[in-house]
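Novice: Below are the structure tokens for one structure; questions will follow.
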Amino acid sequence: MANRFWSAIKRGIYSGFSTVLFLFKVMIPVSLAVFLLNWFKVIPVIAVILEPFMKLFGLPGEAALVFISSILLNIYSAIAVMKTLSLSLHDIIILALMCLTAHNMIVETIVMKKTGSSALKMVFLRIGMALLTAFILNLVLPPQFSAIRTVTETAATGSVSFIQALQSWAMSLLQLIKKIVLLVFSIMILQEILKEFAIAEKLSRLFAPLMRMFGLSKETSILWILVNTVGYAYGAGIIIKSVEEGTMTRTDADLFNHHAGMMHSLLEDTFLFLVIGVPLFWLVIPRIILAMIVVWLERLRRVYVKNMFKAGIH
């Protein structure tokens, strides 16, 4: 028993190193690029250009800053921007759903591509569904939500040199790196232990009915639990490993990416938006519905294409 336990830990550590290296190769350059775009005022200029477009969703022009921040970075950066703006409850609900659907786009798209999904398709799907969700929410949200203002914080106005800003970015990145290392190694070790003692198979059977409802295979059960507790990027190692080892087909992985693109990090991200006043219902239910619709439509599309291909042969 002890030998099997330690053997699983060693395999987890080995897998953890390759996963952490992969994530760092992506995250560090992306983070630096976004820092430079912010410093040289490129992102605010883009936000001004998008102001007329944001009005289609009942949002003020500066809300574009929130959406762009979430696409390029993560939920934390989006919330940091949101808290400096004067927004209504109507605005923060719509922005929350937009950010939850299309955040951390660059890093997560690279992982999705590595597991068999089309990068271009995933980008268009997530941004497109984020915009469609925003448009629908703007129509269905109660009108009184627009009159409820949220608490804002005053943004820092003191002048900061480039070196000071770079140091601040580096310290923030270092904190993120610590979190990544801790989470990734813990996840990879846990996954190997679950596999070694056949616990993963039992969990897969337990969650199989839920996966069927979502249009996913039971083999994705562990991944579903993982991405909804610690997030998609942190679970990248197991997702990639599952495909490479053949425990999950690329077809199933692609369907899982369709689902995860709409709904992942259900615990942490939901809590973050709850803290700033977004109601739980609007954070969870639309995402579940969206994830189910996207996967089942993709499954129907594949059946249609398959039937068309057969008809073409005959």
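Letters A, B, ... go to the chains of the structure tokens in the order shown; residues in each chain start at 1; ligands are counted from 1 in the same order.
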May I have a table of the residues of stretch 53-134 of chain A lying at most 12 Å from stretch 288-300 of chain A, giving each one's closest pair of atoms and their distance in Å to one decimal, counting only C-alpha atoms, ordered by chain and ascending residue number, as a Markdown table?
Specialist:
```
| residue | atom | partner | partner_atom | distance |
| --- | --- | --- | --- | --- |
| A:Leu97 | CA | A:Leu290 | CA | 10.6 |
| A:Met98 | CA | A:Leu290 | CA | 11.9 |
| A:Leu100 | CA | A:Leu290 | CA | 11.6 |
| A:Thr101 | CA | A:Leu290 | CA | 9.4 |
| A:Lys121 | CA | A:Glu298 | CA | 11.7 |
| A:Met122 | CA | A:Val294 | CA | 11.4 |
| A:Leu125 | CA | A:Val294 | CA | 8.9 |
| A:Arg126 | CA | A:Val294 | CA | 10.1 |
| A:Gly128 | CA | A:Val294 | CA | 11.5 |
| A:Met129 | CA | A:Leu290 | CA | 8.2 |
| A:Ala130 | CA | A:Leu290 | CA | 9.8 |
| A:Leu132 | CA | A:Leu290 | CA | 10.4 |
| A:Thr133 | CA | A:Leu290 | CA | 8.5 |
```
Novice: Keeping only N, CA and C atoms, take the residues you just selected and write them out as an mmCIF file, in the first residue's frame.
Specialist:
```
data_model
loop_
_atom_site.group_PDB
_atom_site.id
_atom_site.type_symbol
_atom_site.label_atom_id
_atom_site.label_comp_id
_atom_site.auth_asym_id
_atom_site.auth_seq_id
_atom_site.Cartn_x
_atom_site.Cartn_y
_atom_site.Cartn_z
ATOM 1 N N LEU A 97 -21.229 37.692 -16.596
ATOM 2 C CA LEU A 97 -21.461 36.560 -17.512
ATOM 3 C C LEU A 97 -20.550 36.639 -18.729
ATOM 4 N N MET A 98 -20.286 37.846 -19.216
ATOM 5 C CA MET A 98 -19.372 37.999 -20.347
ATOM 6 C C MET A 98 -17.961 37.538 -19.969
ATOM 7 N N LEU A 100 -17.052 35.573 -17.378
ATOM 8 C CA LEU A 100 -17.006 34.159 -17.016
ATOM 9 C C LEU A 100 -16.959 33.270 -18.253
ATOM 10 N N THR A 101 -17.538 33.731 -19.344
ATOM 11 C CA THR A 101 -17.568 32.943 -20.579
ATOM 12 C C THR A 101 -16.286 33.100 -21.400
ATOM 13 N N LYS A 121 -11.968 28.234 -33.600
ATOM 14 C CA LYS A 121 -13.364 27.936 -33.268
ATOM 15 C C LYS A 121 -13.657 28.253 -31.809
ATOM 16 N N MET A 122 -12.745 27.895 -30.919
ATOM 17 C CA MET A 122 -12.950 28.134 -29.488
ATOM 18 C C MET A 122 -13.000 29.634 -29.175
ATOM 19 N N LEU A 125 -16.295 30.937 -30.599
ATOM 20 C CA LEU A 125 -17.400 30.386 -29.811
ATOM 21 C C LEU A 125 -17.547 31.121 -28.488
ATOM 22 N N ARG A 126 -16.446 31.278 -27.760
ATOM 23 C CA ARG A 126 -16.522 31.874 -26.428
ATOM 24 C C ARG A 126 -16.858 33.366 -26.482
ATOM 25 N N GLY A 128 -18.306 34.893 -29.036
ATOM 26 C CA GLY A 128 -19.641 34.989 -29.616
ATOM 27 C C GLY A 128 -20.729 34.696 -28.593
ATOM 28 N N MET A 129 -20.546 33.643 -27.793
ATOM 29 C CA MET A 129 -21.550 33.298 -26.788
ATOM 30 C C MET A 129 -21.578 34.323 -25.662
ATOM 31 N N ALA A 130 -20.425 34.913 -25.348
ATOM 32 C CA ALA A 130 -20.391 35.969 -24.326
ATOM 33 C C ALA A 130 -21.219 37.169 -24.783
ATOM 34 N N LEU A 132 -23.630 37.132 -27.162
ATOM 35 C CA LEU A 132 -25.029 36.732 -27.288
ATOM 36 C C LEU A 132 -25.707 36.708 -25.919
ATOM 37 N N THR A 133 -24.994 36.176 -24.914
ATOM 38 C CA THR A 133 -25.536 36.146 -23.550
ATOM 39 C C THR A 133 -25.786 37.561 -23.045
#
```
Novice: Tell me, as number ranges by chain, which residues lie within 8 Å of A:Trp282, counting only C-alpha atoms; anything in the same chain fewer than 3 positions away does not count.
Specialist: A: 93, 97, 278-279, 285-286
Novice: Using only C-alpha atoms for the distances, tell me which of A:Leu267, A:Ile28, A:Leu23, A:Leu206 is nearest to A:Glu108.
Specialist: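 Answer, going by the shortest atom-to-atom distance: A:Leu23.
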Novice: Can you pull out every residue from stretch 73-225 of chain A that DSSP, working from the backbone, puts in alpha helix (DSSP H), and format the result as a VMD selection string?
Specialist: chain A and resid 75 to 82 89 to 102 105 to 114 119 to 140 162 to 196 199 to 214 221 to 225
Novice: Skipping near chain neighbours, those fewer than 6 positions away, what residues fall within 12 Å of stretch 180-188 of chain A using only C-alpha atoms, listed as a compact mmCIF listing (two decimals) with C-alpha atoms, in the first residue's frame?
Specialist:
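Result file is around24.txt:
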```txt
# COMPACT_ATOMS: atom_id res chain seq x y z
CA ALA A 8 1.65 7.64 -7.38
CA ILE A 9 3.16 10.72 -5.74
CA LYS A 10 6.35 10.39 -7.81
CA ARG A 11 4.37 10.11 -11.04
CA GLY A 12 2.33 13.15 -10.02
CA ILE A 13 5.45 15.22 -9.34
CA TYR A 14 6.95 14.24 -12.68
CA SER A 15 3.75 15.21 -14.52
CA GLY A 16 3.55 18.41 -12.48
CA PHE A 17 6.94 19.63 -13.73
CA SER A 18 5.97 19.32 -17.40
CA THR A 19 2.59 21.00 -16.80
CA VAL A 20 4.05 23.92 -14.86
CA LEU A 21 6.68 24.46 -17.57
CA PHE A 22 3.98 24.47 -20.26
CA LEU A 23 1.86 27.01 -18.37
CA PHE A 24 4.81 29.31 -17.63
CA MET A 27 1.40 32.82 -19.06
CA ILE A 28 4.56 34.86 -18.52
CA LEU A 173 3.21 37.51 -11.30
CA LEU A 174 5.37 35.89 -8.61
CA LEU A 194 -7.12 8.44 -7.50
CA LYS A 195 -6.04 6.44 -10.52
CA ILE A 222 -12.95 13.75 -13.01
CA LEU A 223 -12.04 16.57 -15.37
CA ILE A 225 -14.95 18.14 -11.03
CA LEU A 226 -11.43 19.44 -11.46
CA VAL A 227 -12.10 22.40 -13.77
CA THR A 229 -13.12 23.50 -8.42
CA VAL A 230 -9.66 24.80 -9.34
CA GLY A 231 -10.17 26.17 -12.87
CA TYR A 232 -9.40 25.16 -16.45
CA ALA A 233 -5.81 26.39 -16.72
CA TYR A 234 -4.75 24.72 -13.45
CA GLY A 235 -6.24 21.43 -14.62
CA ALA A 236 -4.50 21.66 -17.99
CA GLY A 237 -2.02 18.93 -17.12
CA ILE A 238 -4.65 16.28 -16.51
CA ILE A 239 -6.68 17.29 -19.55
CA ILE A 240 -3.63 17.04 -21.82
CA LYS A 241 -2.44 13.81 -20.16
CA SER A 242 -5.87 12.17 -20.51
```
Novice: Go through A:Leu255, A:Val111, A:Ile79, A:Ala33 and flag the residue nearest A:Gly277, using only C-alpha atoms for the distances.
Specialist: A:Ile79
